[in-house]
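Q: Sending over a structure as structure tokens; questions will come in a sec.
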Amino acid sequence: MHSVSSQPQNLAGPSRRYLRRLGLRMSPGRISALLAAGLLTLGFLPFIKLGLVVNGLILGSVIALGAIGLTLVYGILKLGNFAHGDYMALGAYVAFFIVDGVLPRVGIEGAGLGPFTFGFPVLIALPLAAVVVALGAIALDWLIYRRLRDRAASTAILMMASLGVAIAIRGLVQLIWSGETQHYPRESRQVYHLPMDVRIPPDGLFVAVLAVILVAGVYALLTYTKIGKAMRATSDNPTLALVSGINTGRVVWWTWGIGGALAAVAGVLLAVVQAQLLPIMGWKFLIPLFAAVILGGIGNPYGALIGALIVGVSMELSTQWINPSYKPAVAFAIMIGVLLARPRGIFGDAL
Amino acid sequence: MALLKASNVVAGYGGTEILHGVSIKVNAGDVVTIIGPNGCGKSTLMKAIVGLVSVWAGSVHFRGVDISDQDPEQTVRNGLCYVPQTDNVFPSMTIRENLEIGAFVRRDNHQFRIDEMFDLFPDLRRSARRKAGTLSGGQRQMLAIARALMLDPVLLLLDEPTAGLAPALVEGVFKRIQDINSTGVAILLVEQNARDSLRMSDRGYVLSGGVNQLQDTGPALLDNPEVGRVYLGG
């Protein structure tokens, strides 16, 4: 190993070196984009309720879990998965089925675990739902997308197919669990009060911490494991990955597995923070997901994380001035704005 | 017995036939060069051998095994590695990671092989943590070749390794190719710099319009007036 200091590109100092390793190189374009976002935020700061920022970060962590899967799937399969939101909803409902229909039979019930509104059953259902949706996503690839890829289907055809999958999943969820609002068993809990009128619901804290852990896990997987490197290689250059001896079929499975599992967790967490489940919940979440992915640069999971936090905070902050039902419109506006001004996104072009 | 033997290979893309029955042979340890005008099917032949383009008729045998219908993944494991002409590195990954991917199917500890590659291409060692996408054309080509060598192949396919390089760098690439060959690796080369590559080749083939036109030893092709007129600029 040569000493790090002998490499001229590392003279910029440790923080930039670290960003660079994450694929977040600081080009003038990126700096000005971030600066613009920063100045905009600073200008609004006196008028901002800090509590909304906290809500935004919580919402942003849910978006991040969905967006990272979405961007990985895009990077490796070149598929803009319109069904990703419905994978989230499916995850939330599978967890609901486990909490409501399975666990009570073996005597596991309850709500209000510690400071949280939900109970121990949700913690058990969470990983199980992740596994179910991961396997479901792999099965759907085997059933549908694999066949389309074998026929060299275009990106547009793949996207249309995913739209069909989205509608089918939503229909299935509605058929099984009805279109009525459901919720996990819950007990009301005190929110944490902090200075400056900031209130943090304990559930939100749980959501944010779990998201941080999972995102760190994805980072470690992509950076240090063999399959993670194979995923990045396949995303970079599928043909070269193939002639390097990588079984790209297996990479595709892993990608769907990870994307599906993260989506399921995101769905459960969304149901927890919204305190309700609806079949439409995932579909409605699709625009924030795509906005985060496009803002961060399509195919770049670390970009998706930052994009998700920006989108989440923007959506929550908007409620200070406009009707909360317009939150998705805010995400949509961000998406259109980025597509017009900087289609590559802030951190475009690298996984 | 020949290491690689392609017999009457017919192949193409979609409905367009590019190769109309091409035959070539590479013996163990040899350097073999394929030259020919643009669009004559040189790159397609390489892809057909590796398995990126399916062989419609004819056959490809490698180490005595028919690999005409074999997945590239398996062919690579058997010791036939390939460097495409373009897009031949993983741009968002570091040099070291590129080499690790090159060793993907190795089960042993491949650190020693990375060190060997760094000895062969000292430039790469100096910037091991740089992303491949930031490298110059020459460095990128070196990395592409090093990646393909990570598996200790017995046959290396190089598709125009000097394309787009400054003339000063071309000589260096040919020098490296000879170094690699001297360790016993057979090399099948597609080249535009026909003169330099034929000079060091044991055999040469001239393709034209998707069929064999000429074949001979490298030096003999160099001296062939017809080849000289058409491909070597007089």
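By order in the structure tokens, chains are A, B, ...; within a chain, residues start at 1; ligands start at 1, following the order shown.
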Please report as a Markdown table every residue of chain A lying within 6 Å of chain B, along with the nearest atom pair and their distance in Å (one decimal), using only C-alpha atoms.
A:
| residue | atom | partner | partner_atom | distance |
| --- | --- | --- | --- | --- |
| A:Asp236 | CA | B:Phe90 | CA | 5.6 |
| A:Leu242 | CA | B:Glu73 | CA | 5.9 |
| A:Val243 | CA | B:Pro72 | CA | 5.6 |
| A:Ser244 | CA | B:Gly102 | CA | 5.4 |
| A:Gly245 | CA | B:Glu73 | CA | 4.1 |
| A:Ala350 | CA | B:Ser92 | CA | 5.4 |
Q: Next, the residues of the selection above should be written as a short mmCIF file (atom, residue, chain, number, x, y, z; two decimals), in the first residue's frame with N, CA and C atoms.
A:
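Saved as part_25.cif:
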data_model
loop_
_atom_site.label_atom_id
_atom_site.label_comp_id
_atom_site.auth_asym_id
_atom_site.auth_seq_id
_atom_site.Cartn_x
_atom_site.Cartn_y
_atom_site.Cartn_z
N ASP A 236 -22.39 -0.55 -13.64
CA ASP A 236 -21.45 0.23 -14.44
C ASP A 236 -21.41 -0.23 -15.89
N LEU A 242 -20.19 -9.46 -17.32
CA LEU A 242 -20.43 -10.82 -17.84
C LEU A 242 -19.11 -11.48 -18.24
N VAL A 243 -18.26 -10.73 -18.98
CA VAL A 243 -17.00 -11.34 -19.43
C VAL A 243 -15.95 -11.33 -18.32
N SER A 244 -16.30 -10.79 -17.14
CA SER A 244 -15.40 -10.93 -15.99
C SER A 244 -15.80 -12.16 -15.18
N GLY A 245 -16.79 -12.89 -15.66
CA GLY A 245 -17.20 -14.11 -14.98
C GLY A 245 -18.28 -13.91 -13.93
N ALA A 350 -22.63 8.28 -11.17
CA ALA A 350 -21.79 7.23 -10.56
C ALA A 350 -22.54 6.48 -9.48
#
Q: Among chain B, which residues does DSSP mark as strand (DSSP E or B) when it is run on the backbone? Keep the chain and numbering as in the structure and answer as number ranges by chain.
A: B: 4-13, 16-26, 31-35, 55-62, 65-66, 80-83, 94, 131, 155-159, 186-190, 203-208, 211-216
Q: So the first atom is CA of Ala341 (chain A) and the second is CA of Ser154 (chain A); what is the distance between them in Å, to one decimal place?
A: 26.2 Å
Q: Quick one: everything within 7 Å of region 111-125 of chain A, counting only C-alpha atoms, minus sequence neighbours fewer than 4 positions away in the same chain. Send it as a PyMOL selection string.
A: chain A and resi 95+98-99+103+129+184-189+202-203
Q: Keeping only C-alpha atoms, write the selected residues to a file as a short mmCIF file (atom, residue, chain, number, x, y, z; two decimals), in the first residue's frame.
A:
data_model
loop_
_atom_site.label_atom_id
_atom_site.label_comp_id
_atom_site.auth_asym_id
_atom_site.auth_seq_id
_atom_site.Cartn_x
_atom_site.Cartn_y
_atom_site.Cartn_z
CA ALA A 95 -46.77 -7.20 8.19
CA ILE A 98 -48.72 -11.28 10.45
CA VAL A 99 -49.52 -8.89 13.30
CA LEU A 103 -49.16 -13.82 15.75
CA ALA A 129 -42.47 -8.92 5.60
CA TYR A 184 -51.39 -1.84 13.42
CA PRO A 185 -52.55 -2.29 17.01
CA ARG A 186 -51.48 0.94 18.74
CA GLU A 187 -51.55 2.77 22.01
CA SER A 188 -51.10 6.52 22.12
CA ARG A 189 -47.80 7.71 23.51
CA PRO A 202 -40.83 8.26 19.59
CA ASP A 203 -42.07 6.30 16.55
#
